[in-house]
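Heads up: the structure comes next, in structure tokens.
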Amino acid sequence: MKQCEMLVIGGGPAGLSAAIEAAEAGVQVVIIDANEKAGGQLFKQIHKFFGSSMHRAGTRGIDIGEELLQKCKDLNVEIWLNSLVIGVYDNNVVAVDVKKSLTEHELVKVQTKKIVIATGASENAVKFPGWTLPGVMGAGAAQTMANFHRVLPGKKVLMIGSGNVGLIVSYQLMQAGAEIVGIVEAQPNINGYAVHASKLTREGIPIYTGYTIIEAKGKERVNQAVIGKVNPDWSIVEGSEITLDVDTITIGAGLKPLIGMAYMGGCKLINDRFLGGWAPCHNYNMETTTKNIYVAGDASGVEEANTAIEEGKLCGVSIAESLGYLDSTKAEELKKAIWNRLAGLREGAHGTERTGAKQKQLEEYTKAMEG
């Protein structure tokens, strides 16, 4: 059985940051990632980050990803690629399906002292007639195809959802050579930043606010989309239907935390829409109600890459302190600085609600441990 001090499930921005922070203090770290390259969402983010210089404003996600991977390499962090955690068991034992080749797999058991769940999030689906046709996919899937695999998912694309993901992915698909037929948003206003939307409207891309997808048409794959204006009760305004010629429909309808490992580990969960749905409770150190299991990034509540990085750092510092690699005074100083940066990141649109949701996680953790 493989032994390590800290096992990180997921090699995205949260997992890599947790590993770096702990390894810098001297902790032996192993990262398990199901993909052929670690880095998660960062390697799909070819755009420059927004925000402050403290959080890498003006730097592209792919460059941040390369930097984090290089730090892991310099710190001798062990990264298992094409490897899938399939079980979390008592005594901090984790079962890993390691892909050796297209046809060969190996089951490896790992015993660790600390576990970090940094599995990220999955895309929400929108169901409508024809939603299972080839050519209908999540916005994240389209972004992965275009930015990571360099494969254009389609030539005439309709985006469902005007959040930042929908707007950014639409622009990136346009840059890759696709025609964006339109963006459909059921709310009366766009959900993402105006700076993203204005880049699209300047290119003549229509944004249909107050509209929703009614149906996808096609036989072997989608070739038309029918959209319509919505009434206040979400019914379709009679006669408002518009038929658009498309070969791809991408859905940017939000994300939800991937909580399978937390659920398997017995972690208490709470439900809050500003977390993206069900998410694990955690304390000030990002430790869940299951001792020695920590959570960071979108797996703890859907936000964005900078927040994931900071939460990962919290895990790394907390674990290094718990294992005796950092004294409590230094650890507390680091954790306080991280929490202050997180508070800054959570300002702005829906900041109060998002901060309240994170506070709820802390409160529910306390109740669970006291109960």
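Residue numbering restarts at 1 in every chain; chains get A, B, ... in the order shown in the structure tokens, and ligands count up from 1 in that same order.
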Among stretch 88-137 of chain A, which residues does DSSP mark as strand (DSSP E) when it is run on the backbone? Keep the chain and numbering as in the structure and answer as a PyMOL selection string. chain A and resi 88-89+93-99+105-117+121-123+136-137
Using N, CA and C atoms, can you write the selected residues to a file as an mmCIF file, in the first residue's frame?
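The resulting file, result_18.cif, is reproduced below:
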```cif
data_model
loop_
_atom_site.group_PDB
_atom_site.id
_atom_site.type_symbol
_atom_site.label_atom_id
_atom_site.label_comp_id
_atom_site.auth_asym_id
_atom_site.auth_seq_id
_atom_site.Cartn_x
_atom_site.Cartn_y
_atom_site.Cartn_z
ATOM 1 N N VAL A 88 -13.118 6.541 -0.938
ATOM 2 C CA VAL A 88 -12.501 7.097 0.263
ATOM 3 C C VAL A 88 -13.026 6.284 1.438
ATOM 4 N N TYR A 89 -12.122 5.664 2.193
ATOM 5 C CA TYR A 89 -12.520 4.699 3.215
ATOM 6 C C TYR A 89 -11.966 5.082 4.583
ATOM 7 N N VAL A 93 -7.799 5.755 3.943
ATOM 8 C CA VAL A 93 -7.385 4.917 2.816
ATOM 9 C C VAL A 93 -8.175 5.344 1.577
ATOM 10 N N VAL A 94 -7.468 5.550 0.484
ATOM 11 C CA VAL A 94 -8.086 5.987 -0.770
ATOM 12 C C VAL A 94 -7.766 4.961 -1.851
ATOM 13 N N ALA A 95 -8.787 4.587 -2.628
ATOM 14 C CA ALA A 95 -8.599 3.655 -3.740
ATOM 15 C C ALA A 95 -8.501 4.448 -5.037
ATOM 16 N N VAL A 96 -7.483 4.124 -5.835
ATOM 17 C CA VAL A 96 -7.217 4.867 -7.067
ATOM 18 C C VAL A 96 -7.145 3.913 -8.252
ATOM 19 N N ASP A 97 -7.915 4.233 -9.299
ATOM 20 C CA ASP A 97 -7.845 3.493 -10.562
ATOM 21 C C ASP A 97 -6.834 4.207 -11.455
ATOM 22 N N VAL A 98 -5.681 3.589 -11.633
ATOM 23 C CA VAL A 98 -4.602 4.189 -12.416
ATOM 24 C C VAL A 98 -4.639 3.612 -13.831
ATOM 25 N N LYS A 99 -4.804 4.488 -14.809
ATOM 26 C CA LYS A 99 -4.850 4.061 -16.203
ATOM 27 C C LYS A 99 -3.438 3.908 -16.734
ATOM 28 N N HIS A 105 -5.585 -1.140 -16.612
ATOM 29 C CA HIS A 105 -5.780 -0.327 -15.418
ATOM 30 C C HIS A 105 -5.191 -1.061 -14.213
ATOM 31 N N GLU A 106 -4.817 -0.290 -13.204
ATOM 32 C CA GLU A 106 -4.306 -0.877 -11.974
ATOM 33 C C GLU A 106 -4.993 -0.220 -10.780
ATOM 34 N N LEU A 107 -5.470 -1.026 -9.833
ATOM 35 C CA LEU A 107 -6.082 -0.502 -8.619
ATOM 36 C C LEU A 107 -4.998 -0.356 -7.554
ATOM 37 N N VAL A 108 -4.814 0.861 -7.073
ATOM 38 C CA VAL A 108 -3.786 1.149 -6.078
ATOM 39 C C VAL A 108 -4.449 1.729 -4.834
ATOM 40 N N LYS A 109 -4.078 1.212 -3.670
ATOM 41 C CA LYS A 109 -4.564 1.759 -2.408
ATOM 42 C C LYS A 109 -3.503 2.689 -1.827
ATOM 43 N N VAL A 110 -3.968 3.834 -1.351
ATOM 44 C CA VAL A 110 -3.056 4.814 -0.757
ATOM 45 C C VAL A 110 -3.538 5.127 0.654
ATOM 46 N N GLN A 111 -2.638 5.044 1.636
ATOM 47 C CA GLN A 111 -2.968 5.458 2.998
ATOM 48 C C GLN A 111 -2.253 6.768 3.276
ATOM 49 N N THR A 112 -3.000 7.720 3.775
ATOM 50 C CA THR A 112 -2.473 9.054 3.969
ATOM 51 C C THR A 112 -2.892 9.584 5.333
ATOM 52 N N LYS A 113 -2.248 10.662 5.757
ATOM 53 C CA LYS A 113 -2.623 11.288 7.019
ATOM 54 C C LYS A 113 -3.712 12.346 6.812
ATOM 55 N N LYS A 114 -3.655 13.017 5.688
ATOM 56 C CA LYS A 114 -4.599 14.095 5.397
ATOM 57 C C LYS A 114 -5.071 13.982 3.947
ATOM 58 N N ILE A 115 -6.353 14.297 3.726
ATOM 59 C CA ILE A 115 -6.944 14.271 2.391
ATOM 60 C C ILE A 115 -7.496 15.655 2.065
ATOM 61 N N VAL A 116 -7.197 16.145 0.874
ATOM 62 C CA VAL A 116 -7.809 17.384 0.380
ATOM 63 C C VAL A 116 -8.696 17.032 -0.810
ATOM 64 N N ILE A 117 -9.969 17.357 -0.702
ATOM 65 C CA ILE A 117 -10.897 17.153 -1.815
ATOM 66 C C ILE A 117 -10.965 18.449 -2.614
ATOM 67 N N ALA A 121 -16.126 21.281 -9.980
ATOM 68 C CA ALA A 121 -17.568 21.330 -10.186
ATOM 69 C C ALA A 121 -17.931 20.696 -11.519
ATOM 70 N N SER A 122 -19.213 20.386 -11.668
ATOM 71 C CA SER A 122 -19.733 19.877 -12.940
ATOM 72 C C SER A 122 -20.783 20.845 -13.475
ATOM 73 N N GLU A 123 -21.030 20.774 -14.778
ATOM 74 C CA GLU A 123 -21.961 21.700 -15.415
ATOM 75 C C GLU A 123 -23.410 21.292 -15.183
ATOM 76 N N VAL A 136 -25.321 19.183 -28.911
ATOM 77 C CA VAL A 136 -25.756 19.898 -27.710
ATOM 78 C C VAL A 136 -24.794 19.516 -26.588
ATOM 79 N N MET A 137 -24.150 20.501 -25.982
ATOM 80 C CA MET A 137 -23.118 20.205 -24.980
ATOM 81 C C MET A 137 -23.002 21.355 -23.993
#
```
Within 7 Å of stretch 295-302 of chain A, counting only C-alpha atoms, which residues qualify if same-chain residues fewer than 3 places away don't, as a PyMOL selection string? chain A and resi 14+116-121+255-259+275-276+279-280+286-288+307-308+311-312
What's around A:Asn231 at 10 Å? Count only C-alpha atoms, leave out sequence neighbours fewer than 3 positions away in its own chain, and write the answer as an MDAnalysis selection string. chainID A and resid 186 210:211 228 234:238
Output the selection as a CSV table (one decimal), in the first residue's frame - C-alpha atoms for each residue.
```csv
chain,number,residue,atom,x,y,z
A,186,ALA,CA,-34.1,33.9,-19.8
A,210,GLY,CA,-35.9,37.4,-21.8
A,211,TYR,CA,-35.7,34.4,-24.1
A,228,GLY,CA,-39.0,32.1,-27.6
A,234,TRP,CA,-41.9,31.4,-17.5
A,235,SER,CA,-44.4,30.3,-20.1
A,236,ILE,CA,-43.6,31.1,-23.8
A,237,VAL,CA,-45.1,34.3,-25.3
A,238,GLU,CA,-47.3,33.1,-28.1
```
If you run DSSP on the backbone here, which positions in stretch 107-255 of chain A get alpha helix (DSSP H)? Please write them as a count of residues only. 25
I need the residue nearest A:Lys335 from this list: A:Phe128, A:Asn191, A:Glu21, A:Leu200. Use only C-alpha atoms for the distance. A:Glu21
6 Å contact set for stretch 318-331 of chain A, only C-alpha atoms, chain neighbours under 5 positions out, as a list of chain:residue names: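 Near stretch 318-331 of chain A, the qualifying residues are A:Ala22, A:Ala25, A:Asn285.
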Resulting file, chosen residues, C-alpha atoms, as a PDB file, in the first residue's frame:
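The resulting result-v9.pdb:
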```pdb
ATOM      1  CA  ALA A  22       2.054  22.246   2.240  1.00  0.00           C
ATOM      2  CA  ALA A  25       6.584  23.656   4.639  1.00  0.00           C
ATOM      3  CA  ASN A 285      -9.079  25.601   8.421  1.00  0.00           C
TER       4      ASN A 285
END
```
